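J.: Pasting in a structure now, in structure tokens, and then I'll have a few things to ask.
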Amino acid sequence: MWVICELFGVPAEDRPRMREWTATLLAHTTPPEVAFATQNALQAYLHELAESKQRAPGDDLTTGLVEARDEGDRLTTDELVGVLWLMLVAGHETTVHLLGHAIIALSQNPDQLELAKAEDRWADVVEETLRYRHSVMMTSWRFTAEEVTIAGVRVPEGQAVGVAFQAAGLDPAEHGESAERFDITRKVNGRVSFGHGPRYCIGASLARLEGWLALAALYRRLPELTLAADPDDIPYSPSFFTVGPLSLPAALGPVRP
């Protein structure tokens with residue numbers, strides 16, 4: 001979250017509020033009136049952020065978007081704010097959950113953790129986590145234009161259907177009979193973790209970089225880090241869209257510089 005806010009010039013004092021807005025908007029337990037009020041507050045803030053960068057340009061991506069809007073009319077203000085919403089919300093929520101999923105998987109598979117430490121294979125940890133426990137459950141609803149049968153299940157016309165991207169990473173037809181096992185030595189093959197084609201995630205490279213740098217730094221400083229709770233008891237985000245642990249109770253052990 002700190003990285004994406006830094007890139008877009010969000011002041012440090014506003015970043016905790018950005019996190020709170022995101023968690024509220026993505027939770028399916030949020031009452032409608034609260035969701036609307038939160039969305040309005042976030043939209044108003046992003047408009048104010050764009051206006052502040054117009055008054056006092058900085059060395060950040062929001063300033064770049066404002067200049068693109070004002071020089072040649074390549075963006076409307078609403079489009080600019082829409083880009084900010086997408087990049088700031090999606091740009092941190094998914095990576096937060098990626099790190100949480102990775103830490104849980106490594107705690108449950110100590111042999112994989114030792115291999116990652118010994119051979120500096122944090123990039124492989126990130127790739128396997130993206131397959132094994134993808135942060136995005138689904139992005140939007142689809143609706144059946146007519147009755148259809150999928151894998152023996154009849155879906156009537158006019159039904160809402162959610163395509164669960166997480167399931168693709170555990171498909172034995174794609175990843176073999178060991179698909180349910182966390183294995184950082186697994187050969188990287190077809191993945192939909194960051195989408196596909198024109199819908200491929202614009203932040204994929206940044207997310208991968210953030211992931212392996214964060215994990216490498218975490219286990220370098222806290223080499224004896226262990227979970228202090230049963231993984232089955234860890235609360236997960238109440239969302240249909242992005243899924244990850246809300247907190248990770250941990251025993252830190254000695255801290256290294």
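We label chains A, B, ... in the order they appear in the structure tokens, count residues from 1 in each chain, and number ligands from 1 in the order shown.
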List the spatial neighbours of Ser205 in chain A as a VMD selection string - criterion: any atom at most 12 Å away, only C-alpha atoms, same-chain residues fewer than 4 positions off excluded.
T.: chain A and resid 91 95 123 126 to 127 194 200 to 201 209 to 212
J.: Selection from above, C-alpha atoms, as a compact mmCIF listing (two decimals), in the first residue's frame, can you write it?
T.:
```
# COMPACT_ATOMS: atom_id res chain seq x y z
CA GLY A 91 -2.63 -1.59 -6.73
CA THR A 95 -0.47 -7.47 -3.15
CA ALA A 123 10.50 -15.01 -7.00
CA VAL A 126 5.60 -15.43 -5.52
CA GLU A 127 4.83 -17.39 -8.71
CA PHE A 194 -2.97 -11.41 -13.83
CA TYR A 200 -3.85 -8.33 -18.49
CA CYS A 201 -3.00 -6.53 -15.24
CA LEU A 209 8.68 -7.15 -7.61
CA GLU A 210 6.93 -6.03 -4.42
CA GLY A 211 6.20 -9.65 -3.53
CA TRP A 212 9.69 -11.07 -3.74
```
J.: Give me the residues near Ala216 in chain A as a count of residues only, where near means some atom within 9 Å (using only C-alpha atoms) and where sequence neighbours in that chain fewer than 4 positions away do not count.
T.: 9
J.: Pick the closest to Ile150 in chain A from A:Asp111, A:Arg69, A:Val163, A:Ala23: which is it, counting only C-alpha atoms?
T.: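 Result for the nearest residue to Ile150 in chain A: A:Val163.
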J.: Using only C-alpha atoms, which residues sit within 8 Å of Gly100 in chain A once same-chain residues fewer than 6 positions away are excluded, as a list of chain:residue names?
T.: A:Gly244, A:Pro245, A:Leu248
J.: For N, CA and C atoms, I'd like the residues from the last selection saved as a CSV table (one decimal), in the first residue's frame.
T.:
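Result file part15.csv:
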```
chain,number,residue,atom,x,y,z
A,244,GLY,N,-8.1,-12.7,1.2
A,244,GLY,CA,-6.8,-12.9,1.8
A,244,GLY,C,-7.0,-12.7,3.3
A,245,PRO,N,-5.9,-13.1,4.1
A,245,PRO,CA,-6.0,-13.0,5.6
A,245,PRO,C,-6.1,-11.5,6.0
A,248,LEU,N,-2.3,-11.7,10.7
A,248,LEU,CA,-1.4,-12.9,10.8
A,248,LEU,C,-0.7,-12.9,12.2
```
J.: Can you list, as number ranges by chain, every protein, DNA or RNA residue that comes within 9 Å of Leu106 in chain A when you count only C-alpha atoms, leaving out same-chain residues fewer than 6 positions away?
T.: A: 112-114, 125, 182
J.: Store the residues picked out above in a file with N, CA, C and O atoms, as a CSV table (one decimal), in the first residue's frame.
T.:
```
chain,number,residue,atom,x,y,z
A,112,GLN,N,9.6,-25.9,2.0
A,112,GLN,CA,9.6,-24.9,1.0
A,112,GLN,C,10.2,-23.6,1.4
A,112,GLN,O,10.9,-22.9,0.7
A,113,LEU,N,9.9,-23.3,2.7
A,113,LEU,CA,10.5,-22.1,3.3
A,113,LEU,C,12.1,-22.2,3.4
A,113,LEU,O,12.8,-21.3,3.0
A,114,GLU,N,12.5,-23.3,3.8
A,114,GLU,CA,14.0,-23.5,3.9
A,114,GLU,C,14.6,-23.5,2.6
A,114,GLU,O,15.7,-23.0,2.4
A,125,VAL,N,8.6,-18.3,-5.0
A,125,VAL,CA,7.5,-18.3,-3.9
A,125,VAL,C,6.4,-17.5,-4.4
A,125,VAL,O,5.2,-17.9,-4.3
A,182,PHE,N,1.7,-27.0,-2.4
A,182,PHE,CA,2.5,-25.8,-2.6
A,182,PHE,C,3.9,-26.2,-2.8
A,182,PHE,O,4.6,-26.8,-2.0
```
J.: Could you give me, as JSON lines, every range 12-46 of chain A residue with an atom at most 12 Å from range 73-80 of chain A, plus its closest atom pair and distance in Å to one decimal, counting only C-alpha atoms, rows ordered by chain then number?
T.:
```
{"residue": "A:Gln43", "atom": "CA", "partner": "A:Asp78", "partner_atom": "CA", "distance": 9.6}
{"residue": "A:Ala44", "atom": "CA", "partner": "A:Asp78", "partner_atom": "CA", "distance": 11.2}
{"residue": "A:Leu46", "atom": "CA", "partner": "A:Leu80", "partner_atom": "CA", "distance": 9.1}
```
J.: Would you export the selected residues with N, CA and C atoms as an mmCIF file, in the first residue's frame, please?
T.:
```cif
data_model
loop_
_atom_site.group_PDB
_atom_site.id
_atom_site.type_symbol
_atom_site.label_atom_id
_atom_site.label_comp_id
_atom_site.auth_asym_id
_atom_site.auth_seq_id
_atom_site.Cartn_x
_atom_site.Cartn_y
_atom_site.Cartn_z
ATOM 1 N N GLN A 43 -14.146 9.116 -3.861
ATOM 2 C CA GLN A 43 -14.186 9.878 -5.110
ATOM 3 C C GLN A 43 -13.854 11.348 -4.863
ATOM 4 N N ALA A 44 -14.427 11.912 -3.800
ATOM 5 C CA ALA A 44 -14.155 13.316 -3.469
ATOM 6 C C ALA A 44 -12.675 13.512 -3.159
ATOM 7 N N LEU A 46 -10.135 11.731 -4.308
ATOM 8 C CA LEU A 46 -9.337 11.611 -5.527
ATOM 9 C C LEU A 46 -9.458 12.860 -6.397
#
```
J.: CA of Leu26 in chain A and CA of Glu48 in chain A, how far apart in Å?
T.: 22.3 Å
J.: Trp141 in chain A: which residues within 12 Å, counting only C-alpha atoms, same-chain residues fewer than 4 positions away excluded, as an NGL selection string?
T.: :A and (137 or 158-164 or 240-241)
J.: Just N, CA and C atoms for this one: save the residues we selected as a short mmCIF file (atom, residue, chain, number, x, y, z; two decimals), in the first residue's frame.
T.:
```
data_model
loop_
_atom_site.label_atom_id
_atom_site.label_comp_id
_atom_site.auth_asym_id
_atom_site.auth_seq_id
_atom_site.Cartn_x
_atom_site.Cartn_y
_atom_site.Cartn_z
N MET A 137 -10.59 -13.43 -6.29
CA MET A 137 -11.55 -14.52 -6.46
C MET A 137 -12.29 -14.36 -7.78
N GLY A 158 -30.75 -15.71 -17.15
CA GLY A 158 -30.87 -14.55 -16.29
C GLY A 158 -30.22 -14.68 -14.92
N GLN A 159 -29.41 -15.72 -14.73
CA GLN A 159 -28.75 -15.91 -13.44
C GLN A 159 -27.40 -15.20 -13.38
N ALA A 160 -27.05 -14.69 -12.22
CA ALA A 160 -25.73 -14.12 -12.01
C ALA A 160 -24.72 -15.25 -11.82
N VAL A 161 -23.60 -15.14 -12.49
CA VAL A 161 -22.56 -16.17 -12.43
C VAL A 161 -21.22 -15.50 -12.10
N GLY A 162 -20.54 -16.04 -11.11
CA GLY A 162 -19.21 -15.55 -10.78
C GLY A 162 -18.16 -16.55 -11.23
N VAL A 163 -17.21 -16.10 -12.02
CA VAL A 163 -16.13 -16.97 -12.49
C VAL A 163 -14.99 -16.88 -11.48
N ALA A 164 -14.73 -17.97 -10.76
CA ALA A 164 -13.73 -17.98 -9.68
C ALA A 164 -12.35 -18.26 -10.25
N PHE A 240 -16.25 -10.99 -2.06
CA PHE A 240 -16.39 -11.90 -3.19
C PHE A 240 -15.27 -11.67 -4.21
N PHE A 241 -14.59 -10.55 -4.12
CA PHE A 241 -13.68 -10.15 -5.19
C PHE A 241 -12.21 -10.40 -4.85
#
```
J.: Report, in Å to a single decimal, how far apart CA of Val81 in chain A and CA of Tyr45 in chain A are.
T.: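 Taking CA of Tyr45 in chain A as the start and CA of Val81 in chain A as the end point, the length is 9.5 Å.
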